[in-house]
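Student: Provided below: query.tsv, containing TSV, C-alpha atoms.
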```tsv
chain	number	residue	atom	x	y	z
V	12	GLY	CA	-50.15	-3.42	-20.24
V	13	LEU	CA	-48.46	-0.03	-20.54
V	14	GLU	CA	-47.27	-0.18	-16.94
V	15	GLY	CA	-45.78	-3.64	-17.50
V	16	ALA	CA	-43.99	-2.52	-20.67
V	17	ALA	CA	-42.59	0.54	-18.87
V	18	GLY	CA	-41.38	-1.62	-15.99
V	19	ALA	CA	-39.72	-4.08	-18.38
V	20	GLY	CA	-37.96	-1.23	-20.20
V	21	ALA	CA	-36.69	0.25	-16.95
V	22	GLY	CA	-35.40	-3.15	-15.85
V	23	ALA	CA	-33.57	-3.68	-19.15
V	24	GLY	CA	-31.97	-0.23	-18.87
V	25	ALA	CA	-30.81	-0.94	-15.33
V	26	ARG	CA	-29.29	-4.26	-16.43
V	27	ARG	CA	-27.45	-2.55	-19.28
V	28	TRP	CA	-26.12	0.07	-16.86
V	29	VAL	CA	-24.93	-2.59	-14.44
V	30	CYS	CA	-23.26	-4.58	-17.23
V	31	GLY	CA	-21.57	-1.49	-18.61
V	32	THR	CA	-20.30	-0.49	-15.17
V	33	MET	CA	-18.98	-3.98	-14.51
V	34	ALA	CA	-17.22	-4.07	-17.91
V	35	GLU	CA	-15.55	-0.74	-17.20
V	36	HIS	CA	-14.42	-1.97	-13.79
V	37	LEU	CA	-12.96	-5.19	-15.21
V	38	ALA	CA	-11.17	-3.27	-17.94
V	39	SER	CA	-9.66	-0.84	-15.39
V	40	ILE	CA	-8.20	-3.61	-13.19
V	41	PHE	CA	-7.04	-5.89	-16.02
V	42	GLY	CA	-3.42	-6.86	-15.52
V	43	THR	CA	-3.17	-5.25	-12.08
V	44	GLU	CA	-2.89	-6.73	-8.59
V	45	LYS	CA	-6.65	-6.29	-8.14
V	46	ASP	CA	-7.30	-8.64	-11.05
V	47	ARG	CA	-7.97	-12.05	-9.47
V	48	VAL	CA	-8.34	-13.81	-12.80
V	49	ASN	CA	-5.38	-12.74	-14.97
V	50	CYS	CA	-1.75	-12.89	-13.82
V	51	PRO	CA	-0.33	-9.35	-13.53
V	52	PHE	CA	3.30	-10.51	-13.73
V	53	TYR	CA	2.75	-12.36	-16.98
V	54	PHE	CA	0.92	-9.36	-18.39
V	55	LYS	CA	3.78	-6.99	-17.47
V	56	ILE	CA	6.93	-9.04	-18.09
V	57	GLY	CA	5.70	-12.03	-20.10
V	58	ALA	CA	6.96	-14.49	-17.47
V	59	CYS	CA	5.75	-15.76	-14.10
V	60	ARG	CA	7.74	-17.49	-11.37
V	61	HIS	CA	4.91	-20.00	-10.85
V	62	GLY	CA	4.84	-21.00	-14.50
V	63	ASP	CA	1.99	-23.33	-15.45
V	64	ARG	CA	1.17	-23.84	-11.75
V	65	CYS	CA	0.05	-20.22	-11.39
V	66	SER	CA	-3.47	-19.85	-9.97
V	67	ARG	CA	-4.23	-17.05	-12.41
V	68	THR	CA	-4.62	-17.13	-16.17
V	69	HIS	CA	-1.71	-16.48	-18.52
V	70	ASN	CA	-3.26	-14.92	-21.60
V	71	LYS	CA	-0.69	-15.76	-24.26
V	72	PRO	CA	-1.07	-13.49	-27.29
V	73	VAL	CA	-1.82	-14.89	-30.72
V	74	PHE	CA	0.11	-12.05	-32.41
V	75	SER	CA	2.58	-9.55	-30.99
V	76	GLN	CA	5.46	-7.29	-31.96
V	77	THR	CA	7.64	-8.82	-29.26
V	78	LEU	CA	9.25	-12.25	-29.12
V	79	LEU	CA	10.51	-13.86	-25.92
V	80	LEU	CA	13.54	-16.15	-26.21
V	81	GLN	CA	13.44	-18.05	-22.93
V	82	ASN	CA	16.70	-18.52	-21.01
V	83	PHE	CA	18.54	-17.64	-24.19
V	84	TYR	CA	21.67	-15.90	-22.93
V	85	LEU	CA	23.96	-18.05	-20.80
V	86	SER	CA	25.72	-15.34	-18.83
V	87	PRO	CA	28.97	-15.84	-16.88
V	88	GLU	CA	27.07	-15.01	-13.69
V	89	ALA	CA	24.55	-17.78	-14.34
V	90	VAL	CA	27.35	-20.25	-15.07
V	91	ALA	CA	29.13	-19.30	-11.85
V	92	ALA	CA	25.91	-19.64	-9.83
V	93	ALA	CA	25.24	-23.08	-11.32
V	94	ALA	CA	28.80	-24.18	-10.58
V	95	LEU	CA	28.55	-23.06	-6.97
V	96	ALA	CA	25.21	-24.85	-6.56
V	97	ALA	CA	26.79	-28.06	-7.86
V	98	GLY	CA	29.75	-27.68	-5.53
V	99	ALA	CA	32.27	-26.99	-8.31
V	100	ALA	CA	34.65	-24.09	-8.71
V	101	PRO	CA	33.19	-21.26	-10.82
V	102	PRO	CA	35.08	-20.25	-13.98
V	103	GLN	CA	37.40	-17.28	-13.62
V	104	MET	CA	36.49	-14.34	-15.87
V	105	THR	CA	37.38	-10.69	-15.61
V	106	ALA	CA	34.90	-7.86	-16.04
V	107	ASP	CA	36.33	-7.03	-19.47
V	108	ASP	CA	35.98	-10.64	-20.58
V	109	ALA	CA	32.37	-10.72	-19.39
V	110	ARG	CA	31.58	-7.50	-21.26
V	111	ARG	CA	33.24	-8.80	-24.42
V	112	HIS	CA	31.28	-12.06	-24.11
V	113	PHE	CA	27.98	-10.14	-23.93
V	114	ASP	CA	28.90	-7.78	-26.78
V	115	VAL	CA	29.65	-10.68	-29.12
V	116	PHE	CA	26.38	-12.39	-28.19
V	117	TYR	CA	24.31	-9.22	-28.62
V	118	GLN	CA	25.75	-8.40	-32.03
V	119	ASP	CA	25.33	-11.96	-33.27
V	120	VAL	CA	21.68	-12.24	-32.22
V	121	PHE	CA	20.66	-8.70	-33.16
V	122	ASP	CA	22.08	-8.96	-36.68
V	123	GLU	CA	20.41	-12.30	-37.33
V	124	LEU	CA	16.98	-11.28	-36.06
V	125	ASP	CA	17.15	-7.89	-37.74
V	126	ARG	CA	17.75	-9.67	-41.01
V	127	LEU	CA	14.70	-11.88	-40.44
V	128	GLY	CA	12.14	-9.29	-39.39
V	129	GLY	CA	13.58	-5.86	-38.60
V	130	VAL	CA	14.38	-5.37	-34.92
V	131	GLU	CA	13.38	-2.17	-33.15
V	132	GLU	CA	14.86	-2.91	-29.73
V	133	MET	CA	16.28	-5.90	-27.86
V	134	HIS	CA	16.76	-6.34	-24.11
V	135	ILE	CA	18.57	-9.07	-22.19
V	136	CYS	CA	17.73	-9.90	-18.57
V	137	GLU	CA	20.50	-10.54	-16.09
V	138	ASN	CA	18.25	-11.91	-13.34
V	139	LEU	CA	19.21	-15.29	-11.90
V	140	SER	CA	15.69	-16.56	-11.19
V	141	ASP	CA	14.57	-19.47	-13.39
V	142	HIS	CA	11.77	-17.64	-15.18
V	143	LEU	CA	13.91	-14.57	-16.10
V	144	SER	CA	17.50	-15.80	-16.31
V	145	GLY	CA	18.93	-15.01	-19.75
V	146	ASN	CA	15.58	-14.01	-21.25
V	147	ALA	CA	15.86	-12.03	-24.48
V	148	TYR	CA	12.98	-9.72	-25.39
V	149	VAL	CA	13.05	-8.69	-29.04
V	150	LYS	CA	10.60	-6.06	-30.26
V	151	PHE	CA	10.13	-5.86	-34.03
V	152	LYS	CA	8.84	-3.03	-36.19
V	153	ASP	CA	5.52	-4.78	-36.79
V	154	GLU	CA	3.71	-8.05	-36.12
V	155	GLU	CA	4.60	-9.41	-39.56
V	156	GLY	CA	8.30	-9.15	-38.79
V	157	ALA	CA	7.84	-10.92	-35.46
V	158	GLN	CA	5.86	-13.68	-37.16
V	159	ALA	CA	8.55	-14.19	-39.81
V	160	ALA	CA	11.25	-14.38	-37.17
V	161	LEU	CA	9.26	-16.84	-35.06
V	162	LYS	CA	8.85	-19.18	-38.01
V	163	ALA	CA	12.54	-18.93	-38.87
V	164	LEU	CA	13.59	-19.80	-35.31
V	165	GLU	CA	11.57	-23.01	-35.07
V	166	GLY	CA	13.88	-25.97	-34.55
V	167	ARG	CA	17.07	-23.88	-34.55
V	168	TYR	CA	19.92	-24.15	-32.05
V	169	TYR	CA	22.19	-21.53	-30.56
V	170	GLY	CA	25.28	-22.43	-28.57
V	171	GLY	CA	24.29	-26.11	-28.58
V	172	ARG	CA	20.85	-25.38	-27.04
V	173	ILE	CA	17.49	-25.30	-28.79
V	174	VAL	CA	15.88	-21.88	-29.16
V	175	LYS	CA	12.56	-21.58	-27.28
V	176	ALA	CA	10.72	-18.60	-28.80
V	177	GLU	CA	7.17	-17.43	-28.27
V	178	TYR	CA	5.06	-14.29	-28.52
V	179	SER	CA	5.23	-11.97	-25.52
V	180	PRO	CA	2.54	-9.53	-24.34
V	181	VAL	CA	5.23	-6.96	-23.43
V	182	THR	CA	5.41	-4.04	-25.83
V	183	ASP	CA	6.31	-1.25	-23.37
V	184	PHE	CA	9.31	-2.10	-21.21
V	185	ARG	CA	8.83	0.82	-18.84
V	186	GLU	CA	6.43	-1.20	-16.68
V	187	ALA	CA	8.48	-4.40	-16.93
V	188	ARG	CA	11.89	-3.14	-15.83
V	189	CYS	CA	12.92	-2.82	-12.20
V	190	ARG	CA	13.29	0.89	-11.50
V	191	PRO	CA	15.08	0.54	-8.12
V	192	TYR	CA	17.66	-1.65	-9.85
V	193	GLU	CA	18.41	1.11	-12.34
V	194	ARG	CA	19.18	3.36	-9.38
V	195	LYS	CA	21.16	0.55	-7.69
V	196	GLU	CA	18.62	0.37	-4.89
V	197	CYS	CA	16.89	-2.98	-5.51
V	198	ASP	CA	16.79	-4.90	-2.24
V	199	ARG	CA	15.70	-8.18	-3.88
V	200	GLY	CA	18.97	-8.73	-5.67
V	201	ASP	CA	19.34	-10.98	-8.69
V	202	TYR	CA	16.13	-12.86	-7.85
V	203	CYS	CA	13.82	-9.89	-8.33
V	204	ASN	CA	10.59	-10.58	-10.23
V	205	PHE	CA	11.04	-7.56	-12.51
V	206	MET	CA	13.53	-7.22	-15.34
V	207	HIS	CA	17.12	-6.37	-14.53
V	208	ILE	CA	18.12	-5.31	-18.04
V	209	ARG	CA	21.77	-5.38	-19.03
V	210	ARG	CA	23.07	-2.00	-20.10
V	211	LEU	CA	24.70	-1.74	-23.50
V	212	SER	CA	28.21	-0.49	-23.99
V	213	ASP	CA	28.74	2.77	-25.81
V	214	GLU	CA	29.97	0.88	-28.87
V	215	LEU	CA	26.81	-1.22	-29.15
V	216	TYR	CA	24.55	1.74	-28.55
V	217	SER	CA	26.32	3.77	-31.22
V	218	LYS	CA	26.09	0.92	-33.68
V	219	TYR	CA	22.44	-0.05	-33.28
V	220	TYR	CA	20.58	2.96	-31.90
V	221	ARG	CA	22.34	6.31	-32.29
V	222	GLY	CA	21.35	7.99	-35.55
V	223	HIS	CA	18.90	5.27	-36.57
V	224	PRO	CA	16.22	6.66	-38.92
V	225	THR	CA	13.31	4.73	-37.34
V	226	ASN	CA	11.83	4.82	-33.86
V	227	ARG	CA	14.62	2.57	-32.59
V	228	ARG	CA	16.72	5.41	-31.17
V	229	ARG	CA	13.74	7.22	-29.66
V	230	ASP	CA	12.43	4.13	-27.82
V	231	TYR	CA	15.81	3.08	-26.49
V	232	GLU	CA	16.83	6.59	-25.43
V	233	ARG	CA	13.55	6.91	-23.59
V	234	GLU	CA	14.56	3.88	-21.53
V	235	ARG	CA	18.12	5.16	-21.04
V	236	ASP	CA	16.89	8.52	-19.78
V	237	ARG	CA	14.98	6.78	-17.02
V	238	ASP	CA	18.20	5.13	-15.86
V	239	ARG	CA	20.09	8.37	-15.38
V	240	PRO	CA	20.37	9.59	-11.77
V	241	PRO	CA	18.63	12.87	-10.92
V	242	ARG	CA	20.67	16.01	-11.31
V	243	THR	CA	22.25	17.36	-8.16
V	244	PRO	CA	21.56	20.98	-7.15
V	245	ARG	CA	24.13	23.66	-7.86
V	246	GLU	CA	26.94	23.59	-5.35
V	247	HIS	CA	27.45	27.36	-5.56
V	248	PRO	CA	24.93	30.20	-5.87
V	249	ARG	CA	24.29	31.65	-9.27
V	250	ARG	CA	26.75	34.39	-10.00
V	251	GLU	CA	25.75	37.66	-11.62
V	252	ARG	CA	27.89	36.99	-14.67
V	253	ASP	CA	26.19	33.61	-15.21
V	254	TYR	CA	22.90	35.34	-15.91
V	255	ARG	CA	22.03	35.85	-19.55
V	256	PRO	CA	18.82	37.74	-20.39
V	257	PRO	CA	16.40	35.98	-22.77
V	258	ARG	CA	16.90	36.60	-26.45
V	259	GLY	CA	15.07	39.72	-27.55
V	260	ARG	CA	14.87	41.03	-23.97
V	261	GLU	CA	18.30	42.59	-23.53
V	262	GLU	CA	18.45	44.71	-20.42
V	263	HIS	CA	19.15	48.41	-20.79
V	264	PRO	CA	22.13	49.87	-18.91
V	265	LYS	CA	21.24	51.03	-15.47
V	266	THR	CA	20.62	54.79	-15.23
V	267	PRO	CA	22.62	56.36	-12.38
V	268	GLN	CA	20.51	57.67	-9.54
V	269	ILE	CA	21.17	60.42	-7.05
V	270	ALA	CA	22.34	57.88	-4.50
V	271	ASP	CA	25.07	56.73	-6.92
V	272	VAL	CA	26.79	60.14	-6.90
V	273	PRO	CA	29.51	60.60	-4.27
V	274	ILE	CA	27.88	63.30	-2.09
V	275	GLY	CA	31.12	64.15	-0.34
V	276	LYS	CA	32.77	65.08	-3.61
V	277	VAL	CA	29.82	67.30	-4.62
V	278	LEU	CA	29.96	69.19	-1.32
V	279	ALA	CA	33.72	69.59	-1.55
V	280	ASP	CA	33.45	71.02	-5.09
V	281	ALA	CA	30.74	73.42	-3.95
V	282	ALA	CA	32.90	74.64	-1.09
V	283	ALA	CA	35.89	75.07	-3.42
V	284	GLN	CA	33.85	77.15	-5.86
V	285	ALA	CA	32.66	79.38	-3.01
V	286	ALA	CA	36.27	79.93	-1.94
V	287	GLY	CA	37.29	80.81	-5.48
V	288	ALA	CA	39.22	77.62	-6.07
V	289	VAL	CA	39.09	75.66	-9.30
V	290	ALA	CA	36.77	72.69	-9.02
V	291	THR	CA	37.55	69.34	-10.55
V	292	PRO	CA	35.52	68.50	-13.68
V	293	PRO	CA	32.37	66.55	-12.78
V	294	THR	CA	31.99	62.99	-13.95
V	295	THR	CA	29.30	61.80	-16.35
V	296	ALA	CA	27.34	60.23	-13.51
V	297	GLU	CA	27.41	63.53	-11.61
V	298	LYS	CA	26.15	65.42	-14.65
V	299	ARG	CA	23.24	63.00	-15.11
V	300	ALA	CA	22.38	63.12	-11.43
V	301	ILE	CA	22.45	66.91	-11.19
V	302	ASP	CA	20.78	68.11	-14.36
V	303	GLY	CA	19.37	64.93	-15.87
V	304	SER	CA	21.36	65.31	-19.09
V	305	ASP	CA	22.16	62.43	-21.41
V	306	GLY	CA	25.92	62.57	-20.85
V	307	ARG	CA	26.67	65.54	-23.10
V	308	GLU	CA	28.31	68.63	-21.67
V	309	SER	CA	25.79	70.86	-19.92
V	310	LYS	CA	25.68	74.66	-20.23
V	311	ARG	CA	25.88	74.84	-16.48
V	312	PHE	CA	29.50	73.70	-16.55
V	313	ARG	CA	30.62	75.92	-19.42
V	314	GLU	CA	32.86	78.89	-18.71
```
Let's see the structure in the file written out as structure tokens.

Tutor:
Amino acid sequence: GLEGAAGAGAGAGARRWVCGTMAEHLASIFGTEKDRVNCPFYFKIGACRHGDRCSRTHNKPVFSQTLLLQNFYLSPEAVAAAALAAGAAPPQMTADDARRHFDVFYQDVFDELDRLGGVEEMHICENLSDHLSGNAYVKFKDEEGAQAALKALEGRYYGGRIVKAEYSPVTDFREARCRPYERKECDRGDYCNFMHIRRLSDELYSKYYRGHPTNRRRDYERERDRDRPPRTPREHPRRERDYRPPRGREEHPKTPQIADVPIGKVLADAAAQAAGAVATPPTTAEKRAIDGSDGRESKRFRE
């Protein structure tokens, strides 16, 4: 009886260890390429190119700080691509007109959603693929603000099109954005599966992020810093005058050494004294080198 009870206890402990190890393994691969159950693209960017036909599960959140407005921004690039696909001439628009079109859209949407729930950051995709084209990701200060905005957007239209809003699992855009695109090195072009986020103009950044009292500036500047190219090395070697000693560690003036004294001049003065000629007065460096004085006149040179 005791042996059976001990064996049953050991078996239960082994099963608990196996279950715990398996749970840790599943948690470590959740949302990654190794996860064969959950879709990693939907987990990272809140959208999948396969849509409902995806072989993996799209775990749509019940609550979230982030709202996804699907295909919300109708960019001039998307209009031109659709016109070319239909065999029509694309509309002519300059770069300044395209920037002004985006600025007006961004201000209009940001102000309205900020009034509804308090926006912390908003990003617009400029990809041309169907599942990312014109997507607007709006992160609010808390889940209550996102919930209030979602309710207010139900059944509303923008630009003659109905607004399709839903919760998004994306709360950290560092893993969702395409890093090679930020360095202008993305080889997949406008049909990349990661976010190609439109950069804001200086005017929009100054208006909505610079000097903001909440975390809005910190989060957006963290993303902007990742976009900056690495610093190039110095084109010229560091000059001696460029060096500044650390505060509180000022360097003392260099004490002249024997090697700093012109030996030829010392020998010439010695020969002149032996011949009875008048020697030239020694310099301060010569005095320090000869008798180790602190710069004051030495008795050796007094008449």

Student: Measure the distance from CA of Pro87 in chain V to CA of Pro102 in chain V in Å and round it to one decimal.

Tutor: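 One can read the CA of Pro87 in chain V to CA of Pro102 in chain V distance as 8.1 Å.
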
Student: Range 126-231 of chain V near range 81-85 of chain V within 12 Å: what's each residue's closest atom pair and its distance in Å to one decimal, counting all atoms listed in the file, ordered by chain then ascending residue number, as a tab-separated table?

Tutor:
```
residue	atom	partner	partner_atom	distance
V:His134	CA	V:Tyr84	CA	10.8
V:Ile135	CA	V:Tyr84	CA	7.5
V:Cys136	CA	V:Tyr84	CA	8.4
V:Glu137	CA	V:Tyr84	CA	8.8
V:Asn138	CA	V:Asn82	CA	10.2
V:Leu139	CA	V:Asn82	CA	10.0
V:Ser140	CA	V:Asn82	CA	10.1
V:Asp141	CA	V:Asn82	CA	8.0
V:His142	CA	V:Asn82	CA	7.7
V:Leu143	CA	V:Asn82	CA	6.9
V:Ser144	CA	V:Asn82	CA	5.5
V:Gly145	CA	V:Tyr84	CA	4.3
V:Asn146	CA	V:Asn82	CA	4.7
V:Ala147	CA	V:Phe83	CA	6.2
V:Tyr148	CA	V:Gln81	CA	8.7
V:Val149	CA	V:Gln81	CA	11.2
V:Tyr168	CA	V:Phe83	CA	10.3
V:Tyr169	CA	V:Phe83	CA	8.3
V:Gly170	CA	V:Leu85	CA	9.0
V:Gly171	CA	V:Phe83	CA	11.1
V:Arg172	CA	V:Phe83	CA	8.6
V:Ile173	CA	V:Phe83	CA	9.0
V:Val174	CA	V:Phe83	CA	7.1
V:Lys175	CA	V:Gln81	CA	5.7
V:Ala176	CA	V:Gln81	CA	6.5
V:Glu177	CA	V:Gln81	CA	8.3
V:Tyr178	CA	V:Gln81	CA	10.8
V:Ser179	CA	V:Gln81	CA	10.5
V:Arg209	CA	V:Tyr84	CA	11.2
```

Student: Which residue, V:Tyr216, V:Leu78, V:Leu95, V:Met133, has the smallest gap to Lys162 in chain V when you use all atoms listed in the file?

Tutor: V:Leu78

Student: Residues within 9 Å of range 152-160 of chain V, please, as a PyMOL selection string. Count all atoms listed in the file; anything in the same chain fewer than 6 positions from it doesn't count.

Tutor: chain V and resi 74-78+124-132+178+226-227

Student: Smallest atom-to-atom distance to Glu214 in chain V: which of V:Val181, V:Ala89, V:Val115, V:Cys65, using all atoms listed in the file?

Tutor: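 Nearest candidate to Glu214 in chain V out of V:Val181, V:Ala89, V:Val115, V:Cys65: V:Val115.
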
Student: Under the rule that all atoms listed in the file are counted, which of V:Glu186, V:Tyr117, V:Arg167, V:Glu196 is the nearest residue to Arg210 in chain V?

Tutor: V:Tyr117

Student: If I take CA of Gln103 in chain V and CA of Gly200 in chain V, how far is one from the other in Å, to one decimal?

Tutor: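 Computed distance, CA of Gln103 in chain V to CA of Gly200 in chain V, equals 21.8 Å.
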
Student: Give me the residues within 10 Å of Ala109 in chain V as a ChimeraX atom specification, counting all atoms listed in the file and dropping any in the same chain fewer than 5 places off.

Tutor: /V:86-88,104,114

Student: Can you spit out the residues from that selection as a PDB file, in the coordinates of the input, using C-alpha atoms?

Tutor:
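Result written to result37.pdb:
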```
ATOM      1  CA  SER V  86      25.720 -15.340 -18.830  1.00  0.00           C
ATOM      2  CA  PRO V  87      28.970 -15.840 -16.880  1.00  0.00           C
ATOM      3  CA  GLU V  88      27.070 -15.010 -13.690  1.00  0.00           C
ATOM      4  CA  MET V 104      36.490 -14.340 -15.870  1.00  0.00           C
ATOM      5  CA  ASP V 114      28.900  -7.780 -26.780  1.00  0.00           C
TER       6      ASP V 114
END
```

Student: Quick check, in Å to one decimal: how far apart do CA of Arg185 in chain V and CA of Arg64 in chain V lie?

Tutor: 26.8 Å

Student: Tell me which of V:Thr182, V:Gln118, V:Thr105, V:Asn204 sits closest to Arg60 in chain V, counting all atoms listed in the file.

Tutor: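 Of V:Thr182, V:Gln118, V:Thr105, V:Asn204, the one nearest Arg60 in chain V is V:Asn204, counting all atoms listed in the file.
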